[in-house]
>>> print(open('final_19.pdb').read())   # PDB, C-alpha atoms
ATOM      1  CA  MET T  23     116.817 105.433  99.703
ATOM      2  CA  ASP T  24     120.026 104.715 101.591
ATOM      3  CA  ILE T  25     121.802 101.867  99.781
ATOM      4  CA  ASN T  26     122.322  99.851 102.987
ATOM      5  CA  LYS T  27     118.660 100.195 103.947
ATOM      6  CA  ALA T  28     117.599  99.121 100.448
ATOM      7  CA  TYR T  29     119.820  96.038 100.588
ATOM      8  CA  SER T  30     118.432  95.119 104.010
ATOM      9  CA  LYS T  31     114.927  95.208 102.511
ATOM     10  CA  TYR T  32     116.159  92.965  99.692
ATOM     11  CA  LEU T  33     117.611  90.417 102.137
ATOM     12  CA  GLN T  34     114.315  90.370 104.045
ATOM     13  CA  PHE T  35     112.564  89.647 100.737
ATOM     14  CA  CYS T  36     115.011  86.781 100.063
ATOM     15  CA  ILE T  37     114.377  85.258 103.492
ATOM     16  CA  ILE T  38     110.589  85.589 103.536
ATOM     17  CA  GLU T  39     109.515  85.198  99.907
ATOM     18  CA  LYS T  40     112.321  83.114  98.434
ATOM     19  CA  ASN T  41     113.036  81.107 101.598
ATOM     20  CA  LEU T  42     116.796  81.269 100.991
ATOM     21  CA  SER T  43     119.125  79.606 103.469
ATOM     22  CA  LEU T  44     121.226  81.551 105.973
ATOM     23  CA  VAL T  45     124.348  80.430 104.095
ATOM     24  CA  THR T  46     123.042  82.007 100.878
ATOM     25  CA  ILE T  47     122.090  85.188 102.739
ATOM     26  CA  GLU T  48     125.613  85.435 104.172
ATOM     27  CA  ASN T  49     127.047  84.979 100.659
ATOM     28  CA  TYR T  50     124.775  87.782  99.427
ATOM     29  CA  LYS T  51     126.042  90.043 102.221
ATOM     30  CA  GLU T  52     129.639  89.362 101.171
ATOM     31  CA  ASP T  53     128.761  90.120  97.546
ATOM     32  CA  PHE T  54     127.257  93.441  98.618
ATOM     33  CA  LEU T  55     130.306  94.353 100.727
ATOM     34  CA  LEU T  56     132.554  93.681  97.727
ATOM     35  CA  PHE T  57     130.268  95.821  95.555
ATOM     36  CA  LYS T  58     130.523  98.702  98.050
ATOM     37  CA  LYS T  59     134.307  98.275  98.151
ATOM     38  CA  TYR T  60     134.473  98.795  94.381
ATOM     39  CA  PHE T  61     131.931 101.636  94.428
ATOM     40  CA  PRO T  62     132.435 103.610  97.678
ATOM     41  CA  ASN T  63     130.668 106.651  96.223
ATOM     42  CA  ILE T  64     127.353 104.808  95.814
ATOM     43  CA  LEU T  65     125.570 105.781  99.011
ATOM     44  CA  ASP T  66     121.977 105.998  97.791
ATOM     45  CA  THR T  67     119.847 104.009  95.326
ATOM     46  CA  GLU T  68     119.652 107.181  93.226
ATOM     47  CA  ASP T  69     123.397 106.773  92.572
ATOM     48  CA  LEU T  70     122.878 103.403  90.820
ATOM     49  CA  THR T  71     123.113 103.166  87.024
ATOM     50  CA  LYS T  72     122.782 100.582  84.262
ATOM     51  CA  ASP T  73     126.560 100.450  83.874
ATOM     52  CA  ASP T  74     127.301  99.392  87.462
ATOM     53  CA  LEU T  75     127.058  95.632  86.964
ATOM     54  CA  ASN T  76     129.246  95.605  83.867
ATOM     55  CA  ASP T  77     131.777  97.740  85.749
ATOM     56  CA  PHE T  78     131.490  95.291  88.654
ATOM     57  CA  ILE T  79     132.444  92.425  86.318
ATOM     58  CA  TYR T  80     135.389  94.401  84.952
ATOM     59  CA  LYS T  81     136.754  95.375  88.372
ATOM     60  CA  GLN T  82     136.549  91.788  89.629
ATOM     61  CA  SER T  83     138.388  90.519  86.553
ATOM     62  CA  LEU T  84     141.216  93.002  87.257
ATOM     63  CA  ASP T  85     141.587  91.363  90.673
ATOM     64  CA  ASP T  86     141.966  87.941  88.985
ATOM     65  CA  LEU T  87     138.845  86.525  90.641
ATOM     66  CA  LYS T  88     137.564  83.232  89.263
ATOM     67  CA  PRO T  89     135.069  83.597  86.371
ATOM     68  CA  SER T  90     132.576  81.336  88.192
ATOM     69  CA  SER T  91     132.742  83.569  91.290
ATOM     70  CA  ILE T  92     132.350  86.703  89.185
ATOM     71  CA  LYS T  93     129.266  85.285  87.472
ATOM     72  CA  ARG T  94     127.691  84.252  90.771
ATOM     73  CA  ARG T  95     128.319  87.624  92.427
ATOM     74  CA  THR T  96     127.060  89.528  89.397
ATOM     75  CA  SER T  97     123.914  87.402  89.304
ATOM     76  CA  SER T  98     123.386  88.110  93.012
ATOM     77  CA  LEU T  99     123.658  91.868  92.514
ATOM     78  CA  LYS T 100     121.492  91.789  89.396
ATOM     79  CA  ASN T 101     118.702  90.209  91.438
ATOM     80  CA  PHE T 102     119.062  93.108  93.897
ATOM     81  CA  TYR T 103     118.657  95.577  91.011
ATOM     82  CA  ILE T 104     115.577  93.699  89.774
ATOM     83  CA  PHE T 105     114.114  93.860  93.298
ATOM     84  CA  LEU T 106     114.589  97.651  93.318
ATOM     85  CA  GLU T 107     112.738  97.850  89.990
ATOM     86  CA  ILE T 108     109.841  95.655  91.182
ATOM     87  CA  GLU T 109     109.475  97.609  94.431
ATOM     88  CA  LYS T 110     109.753 100.904  92.469
ATOM     89  CA  ILE T 111     112.609 102.048  94.702
ATOM     90  CA  LYS T 112     114.747 102.771  91.656
ATOM     91  CA  THR T 113     113.718 102.282  88.030
ATOM     92  CA  ASN T 114     115.555 101.851  84.732
ATOM     93  CA  ILE T 115     118.754 100.387  86.226
ATOM     94  CA  VAL T 116     118.776  96.814  84.884
ATOM     95  CA  GLY T 117     120.902  96.793  81.754
ATOM     96  CA  ASN T 118     121.836  93.995  79.369
ATOM     97  CA  ILE T 119     124.007  91.857  81.664
ATOM     98  CA  LEU T 120     125.182  88.417  80.601
ATOM     99  CA  THR T 121     124.760  86.113  83.581
ATOM    100  CA  PRO T 122     124.880  82.319  83.652
ATOM    101  CA  LYS T 123     121.590  80.457  83.521
ATOM    102  CA  SER T 124     121.016  79.047  86.956
ATOM    103  CA  GLU T 125     120.149  75.395  87.314
ATOM    104  CA  LYS T 126     116.473  74.916  88.099
ATOM    105  CA  TYR T 127     116.318  72.978  91.331
ATOM    106  CA  LEU T 128     113.229  71.059  92.277
ATOM    107  CA  PRO T 129     111.224  73.175  94.745
ATOM    108  CA  GLU T 130     110.247  71.771  98.114
ATOM    109  CA  TYR T 131     106.565  70.889  98.322
ATOM    110  CA  LEU T 132     104.182  69.169 100.709
ATOM    111  CA  THR T 133     102.309  65.969 100.054
ATOM    112  CA  ILE T 134      98.509  66.134 100.254
ATOM    113  CA  GLU T 135      98.711  64.282 103.575
ATOM    114  CA  GLU T 136     101.145  66.887 104.944
ATOM    115  CA  VAL T 137      98.847  69.707 103.813
ATOM    116  CA  GLU T 138      95.981  68.049 105.695
ATOM    117  CA  ARG T 139      98.140  67.745 108.820
ATOM    118  CA  LEU T 140      99.050  71.408 108.561
ATOM    119  CA  LEU T 141      95.410  72.473 108.218
ATOM    120  CA  ASN T 142      94.365  70.245 111.121
ATOM    121  CA  SER T 143      96.898  71.890 113.437
ATOM    122  CA  PHE T 144      94.708  74.981 113.884
ATOM    123  CA  ASP T 145      92.229  75.540 116.718
ATOM    124  CA  GLU T 146      89.189  77.083 115.017
ATOM    125  CA  LYS T 147      87.811  78.296 118.367
ATOM    126  CA  ASP T 148      90.787  80.662 118.637
ATOM    127  CA  ASP T 149      90.428  83.916 116.642
ATOM    128  CA  ILE T 150      94.079  84.051 115.571
ATOM    129  CA  ASP T 151      94.116  80.381 114.558
ATOM    130  CA  LEU T 152      90.862  80.789 112.631
ATOM    131  CA  ARG T 153      92.332  83.698 110.684
ATOM    132  CA  ASN T 154      95.573  81.820 110.070
ATOM    133  CA  LYS T 155      93.737  78.731 108.856
ATOM    134  CA  ALA T 156      91.823  80.940 106.410
ATOM    135  CA  ILE T 157      95.197  82.282 105.239
ATOM    136  CA  ILE T 158      96.667  78.809 104.673
ATOM    137  CA  GLU T 159      93.489  77.639 102.913
ATOM    138  CA  THR T 160      93.642  80.684 100.618
ATOM    139  CA  ILE T 161      97.322  80.243  99.772
ATOM    140  CA  TYR T 162      97.052  76.527  99.080
ATOM    141  CA  SER T 163      93.811  76.953  97.154
ATOM    142  CA  SER T 164      95.061  79.680  94.820
ATOM    143  CA  GLY T 165      98.881  79.640  94.871
ATOM    144  CA  LEU T 166      99.357  83.212  96.049
ATOM    145  CA  ARG T 167     102.701  84.876  96.668
ATOM    146  CA  VAL T 168     103.174  86.356 100.153
ATOM    147  CA  SER T 169     102.916  89.930  98.821
ATOM    148  CA  GLU T 170      99.688  89.025  97.031
ATOM    149  CA  LEU T 171      98.273  87.464 100.188
ATOM    150  CA  VAL T 172      98.930  90.402 102.541
ATOM    151  CA  ASN T 173      97.571  92.891  99.969
ATOM    152  CA  LEU T 174      94.416  90.888  99.176
ATOM    153  CA  GLU T 175      91.290  93.007  99.614
ATOM    154  CA  ILE T 176      87.783  91.991 100.667
ATOM    155  CA  LYS T 177      86.369  93.045  97.286
ATOM    156  CA  ASP T 178      88.818  90.726  95.497
ATOM    157  CA  VAL T 179      86.941  87.634  96.689
ATOM    158  CA  ASN T 180      84.017  86.630  94.465
ATOM    159  CA  TYR T 181      82.022  84.026  96.394
ATOM    160  CA  GLN T 182      79.444  83.473  93.661
ATOM    161  CA  GLU T 183      81.964  82.825  90.880
ATOM    162  CA  LYS T 184      84.427  81.123  93.285
ATOM    163  CA  ILE T 185      87.382  83.209  92.090
ATOM    164  CA  ILE T 186      89.723  85.773  93.578
ATOM    165  CA  LYS T 187      91.281  88.719  91.799
ATOM    166  CA  ILE T 188      95.007  89.058  92.414
ATOM    167  CA  LEU T 189      97.293  92.016  91.766
ATOM    168  CA  GLY T 190     100.607  90.336  90.988
ATOM    169  CA  LYS T 191     104.094  91.317  89.879
ATOM    170  CA  GLY T 192     104.269  94.355  87.621
ATOM    171  CA  ASN T 193     100.734  95.338  88.735
ATOM    172  CA  LYS T 194      99.321  92.612  86.495
ATOM    173  CA  GLU T 195      95.872  91.391  87.480
ATOM    174  CA  ARG T 196      94.793  87.781  87.218
ATOM    175  CA  GLU T 197      91.755  85.836  88.332
ATOM    176  CA  VAL T 198      92.260  82.462  90.009
ATOM    177  CA  PRO T 199      89.699  79.861  91.122
ATOM    178  CA  ILE T 200      89.466  79.307  94.863
ATOM    179  CA  ARG T 201      88.256  76.154  96.614
ATOM    180  CA  LYS T 202      84.921  76.055  98.429
ATOM    181  CA  GLU T 203      86.732  75.157 101.679
ATOM    182  CA  ALA T 204      88.864  78.296 101.470
ATOM    183  CA  LEU T 205      85.808  80.483 100.847
ATOM    184  CA  GLU T 206      84.056  78.976 103.858
ATOM    185  CA  TYR T 207      86.973  79.804 106.150
ATOM    186  CA  ILE T 208      87.247  83.329 104.747
ATOM    187  CA  LYS T 209      83.553  83.830 105.539
ATOM    188  CA  LYS T 210      84.031  82.451 109.068
ATOM    189  CA  TYR T 211      87.036  84.703 109.641
ATOM    190  CA  ILE T 212      85.200  87.819 108.443
ATOM    191  CA  LYS T 213      82.074  87.073 110.488
ATOM    192  CA  GLN T 214      83.717  85.897 113.713
ATOM    193  CA  VAL T 215      86.955  87.893 113.764
ATOM    194  CA  ARG T 216      87.391  90.706 111.277
ATOM    195  CA  ASN T 217      83.959  92.282 111.781
ATOM    196  CA  ASN T 218      84.737  92.573 115.513
ATOM    197  CA  LEU T 219      88.018  94.462 115.021
ATOM    198  CA  THR T 220      88.281  98.192 115.641
ATOM    199  CA  THR T 221      90.055  99.329 112.495
ATOM    200  CA  LYS T 222      90.194 102.121 109.948
ATOM    201  CA  ASN T 223      91.317  99.600 107.320
ATOM    202  CA  LYS T 224      88.103  98.792 105.461
ATOM    203  CA  LYS T 225      89.769  97.210 102.419
ATOM    204  CA  THR T 226      92.456  94.666 103.361
ATOM    205  CA  LEU T 227      91.117  91.172 104.004
ATOM    206  CA  PHE T 228      93.563  89.720 106.518
ATOM    207  CA  LEU T 229      94.409  91.982 109.482
ATOM    208  CA  ASN T 230      96.283  91.535 112.751
ATOM    209  CA  SER T 231      94.642  91.852 116.170
ATOM    210  CA  ASN T 232      95.300  95.626 116.136
ATOM    211  CA  GLY T 233      93.383  96.014 112.896
ATOM    212  CA  ASN T 234      96.485  96.619 110.781
ATOM    213  CA  GLN T 235      97.723  94.881 107.650
ATOM    214  CA  LEU T 236      99.733  91.710 108.270
ATOM    215  CA  SER T 237     103.463  91.784 107.542
ATOM    216  CA  ARG T 238     105.245  89.302 105.282
ATOM    217  CA  GLN T 239     107.490  88.424 108.222
ATOM    218  CA  TYR T 240     104.521  87.442 110.398
ATOM    219  CA  VAL T 241     103.036  85.136 107.747
ATOM    220  CA  TRP T 242     106.423  83.512 107.173
ATOM    221  CA  GLU T 243     106.981  82.884 110.899
ATOM    222  CA  MET T 244     103.416  81.656 111.407
ATOM    223  CA  ILE T 245     103.731  78.998 108.707
ATOM    224  CA  LYS T 246     107.090  77.854 110.097
ATOM    225  CA  GLN T 247     105.580  77.471 113.563
ATOM    226  CA  LYS T 248     102.441  75.633 112.407
ATOM    227  CA  ALA T 249     104.529  73.228 110.298
ATOM    228  CA  LYS T 250     106.555  72.441 113.407
ATOM    229  CA  GLU T 251     103.358  71.811 115.395
ATOM    230  CA  ALA T 252     102.129  69.510 112.620
ATOM    231  CA  ASN T 253     105.387  67.500 112.836
ATOM    232  CA  ILE T 254     106.409  68.429 109.297
ATOM    233  CA  SER T 255     110.194  68.204 109.142
ATOM    234  CA  LYS T 256     110.569  69.933 105.765
ATOM    235  CA  ASN T 257     111.931  73.490 105.708
ATOM    236  CA  ILE T 258     108.720  75.100 104.509
ATOM    237  CA  SER T 259     107.549  78.648 103.896
ATOM    238  CA  LEU T 260     104.602  80.350 102.258
ATOM    239  CA  HIS T 261     106.331  79.670  98.942
ATOM    240  CA  THR T 262     106.297  75.945  99.744
ATOM    241  CA  LEU T 263     102.488  76.079  99.796
ATOM    242  CA  ARG T 264     102.592  77.820  96.411
ATOM    243  CA  HIS T 265     104.837  75.024  95.106
ATOM    244  CA  SER T 266     102.468  72.437  96.595
ATOM    245  CA  PHE T 267      99.508  74.106  94.885
ATOM    246  CA  ALA T 268     101.213  73.852  91.471
ATOM    247  CA  THR T 269     102.549  70.352  92.065
ATOM    248  CA  HIS T 270      99.181  68.917  93.086
ATOM    249  CA  LEU T 271      97.415  70.593  90.152
ATOM    250  CA  LEU T 272      99.805  69.000  87.654
ATOM    251  CA  SER T 273      99.649  65.626  89.386
ATOM    252  CA  LYS T 274      95.884  65.652  88.871
ATOM    253  CA  GLY T 275      96.180  66.397  85.169
ATOM    254  CA  ALA T 276      96.145  70.192  84.855
ATOM    255  CA  ASP T 277      98.027  71.446  81.795
ATOM    256  CA  LEU T 278     101.176  73.537  82.113
ATOM    257  CA  LYS T 279      99.720  76.659  80.481
ATOM    258  CA  THR T 280      96.791  76.744  82.926
ATOM    259  CA  VAL T 281      99.115  76.411  85.930
ATOM    260  CA  LYS T 282     101.347  79.155  84.479
ATOM    261  CA  GLU T 283      98.388  81.549  84.300
ATOM    262  CA  MET T 284      97.199  80.682  87.804
ATOM    263  CA  LEU T 285     100.652  81.239  89.309
ATOM    264  CA  GLY T 286     101.116  84.492  87.417
ATOM    265  CA  HIS T 287     104.377  83.383  85.786
ATOM    266  CA  GLU T 288     105.521  85.558  82.918
ATOM    267  CA  ASN T 289     107.411  82.754  81.170
ATOM    268  CA  ILE T 290     106.313  79.129  80.896
ATOM    269  CA  GLU T 291     109.940  78.062  81.491
ATOM    270  CA  THR T 292     109.472  79.104  85.132
ATOM    271  CA  THR T 293     106.475  76.798  85.443
ATOM    272  CA  GLN T 294     108.288  73.873  83.831
ATOM    273  CA  ILE T 295     110.149  73.109  87.069
ATOM    274  CA  TYR T 296     106.922  71.396  88.143
ATOM    275  CA  THR T 297     106.746  69.005  85.185
ATOM    276  CA  HIS T 298     108.563  66.354  87.248
ATOM    277  CA  VAL T 299     105.168  65.660  88.771
ATOM    278  CA  ALA T 300     103.614  64.674  85.479
ATOM    279  CA  GLU T 301     106.555  62.380  84.815
ATOM    280  CA  ASP T 302     106.194  60.780  88.273
ATOM    281  CA  ARG T 303     102.474  60.289  87.646
ATOM    282  CA  ILE T 304     103.145  58.459  84.380
ATOM    283  CA  ILE T 305     105.791  56.228  86.000
ATOM    284  CA  LYS T 306     103.514  55.337  88.925
ATOM    285  CA  ALA T 307     100.620  54.597  86.598
ATOM    286  CA  TYR T 308     102.856  52.348  84.517
ATOM    287  CA  ASP T 309     104.142  50.561  87.632
ATOM    288  CA  SER T 310     100.604  49.981  88.910
ATOM    289  CA  ILE T 311      99.619  48.373  85.597
ATOM    290  CA  ARG T 312     102.662  46.099  85.695
ATOM    291  CA  ASN T 313     101.955  45.059  89.274
ATOM    292  CA  LYS T 314      98.429  43.963  88.345
ATOM    293  CA  LYS T 315      99.714  41.528  85.752
TER     294      LYS T 315
END
>>> encode(input="final_19.pdb", output="structure tokens")
Amino acid sequence: MDINKAYSKYLQFCIIEKNLSLVTIENYKEDFLLFKKYFPNILDTEDLTKDDLNDFIYKQSLDDLKPSSIKRRTSSLKNFYIFLEIEKIKTNIVGNILTPKSEKYLPEYLTIEEVERLLNSFDEKDDIDLRNKAIIETIYSSGLRVSELVNLEIKDVNYQEKIIKILGKGNKEREVPIRKEALEYIKKYIKQVRNNLTTKNKKTLFLNSNGNQLSRQYVWEMIKQKAKEANISKNISLHTLRHSFATHLLSKGADLKTVKEMLGHENIETTQIYTHVAEDRIIKAYDSIRNKK
């Protein structure tokens, strides 16, 4: 694949799935331009090798660039390489690169009241709104990633067991419980909307009005718009609902290992960013006891 086209796909992934700011995206573009300046002969993803990132570090050091800037740029490009591996655009290109451990920032999440406002912003008499409410219910109920949501198939929903089967990163399958409310809206959507579509797609659960699979971009824009209609000022995305799912589970006493499995995290360290909730819960409980005395 053309290297510029591949990087454009990566930036789209960063905007939609990772909800990165425009400032960060512009920084990533600058990092990529510098990379191309150092490696003008890399025109296609097939030209990439494991040695590129180490060479990138070396070339930057020759230009007397600050170590902190070198580390940030290298980390940015390494994430691009990882994306190519995940998407199977180019494999076996991520070598042993020493990059700084990034600080784990607290993810944005919605309160339960904000989730309710978001869900109440849909008009269930409208086919598109009914489908979109089923989407939001499913995401919030099971903590799906956007790629997992758009690829969800009808057969993956087990109404009797109240679970859905998810094909996650690295083609790893996991089964996650799904709330009764979400199942009810999925049933409504299938009966009132999906069954009336003229489509050759018999597998994918959520389709657009033309009977085709939904795009990540559409889901991202839809959630942004509905949050605005619900008067939610936070900069939210589909990932925010995933964060809210994990946060609310922990606040109600779920253990970290269970949440890790439900989110499909490979390492429990990734899930630990949500442990602030448990700490908040303990502090609030302590304060409530003190206030009663």
>>> closest_atom_pairs(input="final_19.pdb", of="stretch 118-198 of chain T", to="stretch 263-279 of chain T", cutoff="9 Å", atoms="all atoms listed in the file", output="Markdown table")
| residue | atom | partner | partner_atom | distance |
| --- | --- | --- | --- | --- |
| T:Pro129 | CA | T:His265 | CA | 6.7 |
| T:Glu130 | CA | T:His265 | CA | 7.0 |
| T:Tyr131 | CA | T:Ser266 | CA | 4.7 |
| T:Leu132 | CA | T:Ser266 | CA | 5.5 |
| T:Thr133 | CA | T:Ser266 | CA | 7.3 |
| T:Ile134 | CA | T:His270 | CA | 7.7 |
| T:Val137 | CA | T:Leu263 | CA | 8.4 |
| T:Ile158 | CA | T:Leu263 | CA | 8.1 |
| T:Ile161 | CA | T:Leu263 | CA | 6.6 |
| T:Tyr162 | CA | T:Phe267 | CA | 5.4 |
| T:Ser163 | CA | T:Phe267 | CA | 6.8 |
| T:Ser164 | CA | T:Phe267 | CA | 7.1 |
| T:Gly165 | CA | T:Arg264 | CA | 4.4 |
| T:Leu166 | CA | T:Arg264 | CA | 6.3 |
| T:Arg167 | CA | T:Arg264 | CA | 7.1 |
>>> atom_distance(input="final_19.pdb", atom1="atom CA of T:Arg94", atom2="atom CA of T:Arg238")
27.2 Å
>>> resolve_selection(input="final_19.pdb", expression="the PyMOL selection byres ((chain T and resi 223) around 8)", output="list in words")
Thr221, Lys222, Lys224, Lys225, Thr226, Gly233, Asn234 and Gln235 of chain T
>>> resolve_selection(input="final_19.pdb", expression="the PyMOL selection byres ((chain T and resi 245) around 9)", output="PDB file with C-alpha atoms, in the coordinates of the input")
ATOM      1  CA  LEU T 140      99.050  71.408 108.561  1.00  0.00           C
ATOM      2  CA  ASN T 154      95.573  81.820 110.070  1.00  0.00           C
ATOM      3  CA  ILE T 158      96.667  78.809 104.673  1.00  0.00           C
ATOM      4  CA  TYR T 240     104.521  87.442 110.398  1.00  0.00           C
ATOM      5  CA  VAL T 241     103.036  85.136 107.747  1.00  0.00           C
ATOM      6  CA  TRP T 242     106.423  83.512 107.173  1.00  0.00           C
ATOM      7  CA  GLU T 243     106.981  82.884 110.899  1.00  0.00           C
ATOM      8  CA  MET T 244     103.416  81.656 111.407  1.00  0.00           C
ATOM      9  CA  LYS T 246     107.090  77.854 110.097  1.00  0.00           C
ATOM     10  CA  GLN T 247     105.580  77.471 113.563  1.00  0.00           C
ATOM     11  CA  LYS T 248     102.441  75.633 112.407  1.00  0.00           C
ATOM     12  CA  ALA T 249     104.529  73.228 110.298  1.00  0.00           C
ATOM     13  CA  LYS T 250     106.555  72.441 113.407  1.00  0.00           C
ATOM     14  CA  ILE T 258     108.720  75.100 104.509  1.00  0.00           C
ATOM     15  CA  SER T 259     107.549  78.648 103.896  1.00  0.00           C
ATOM     16  CA  LEU T 260     104.602  80.350 102.258  1.00  0.00           C
TER      17      LEU T 260
END
>>> residues_around(input="final_19.pdb", residues="T:Glu107", least_positions_apart="3", cutoff="12 Å", atoms="all atoms listed in the file", output="NGL selection string")
:T and (28 or 32 or 67 or 70 or 72 or 100-104 or 110-117 or 191-192)
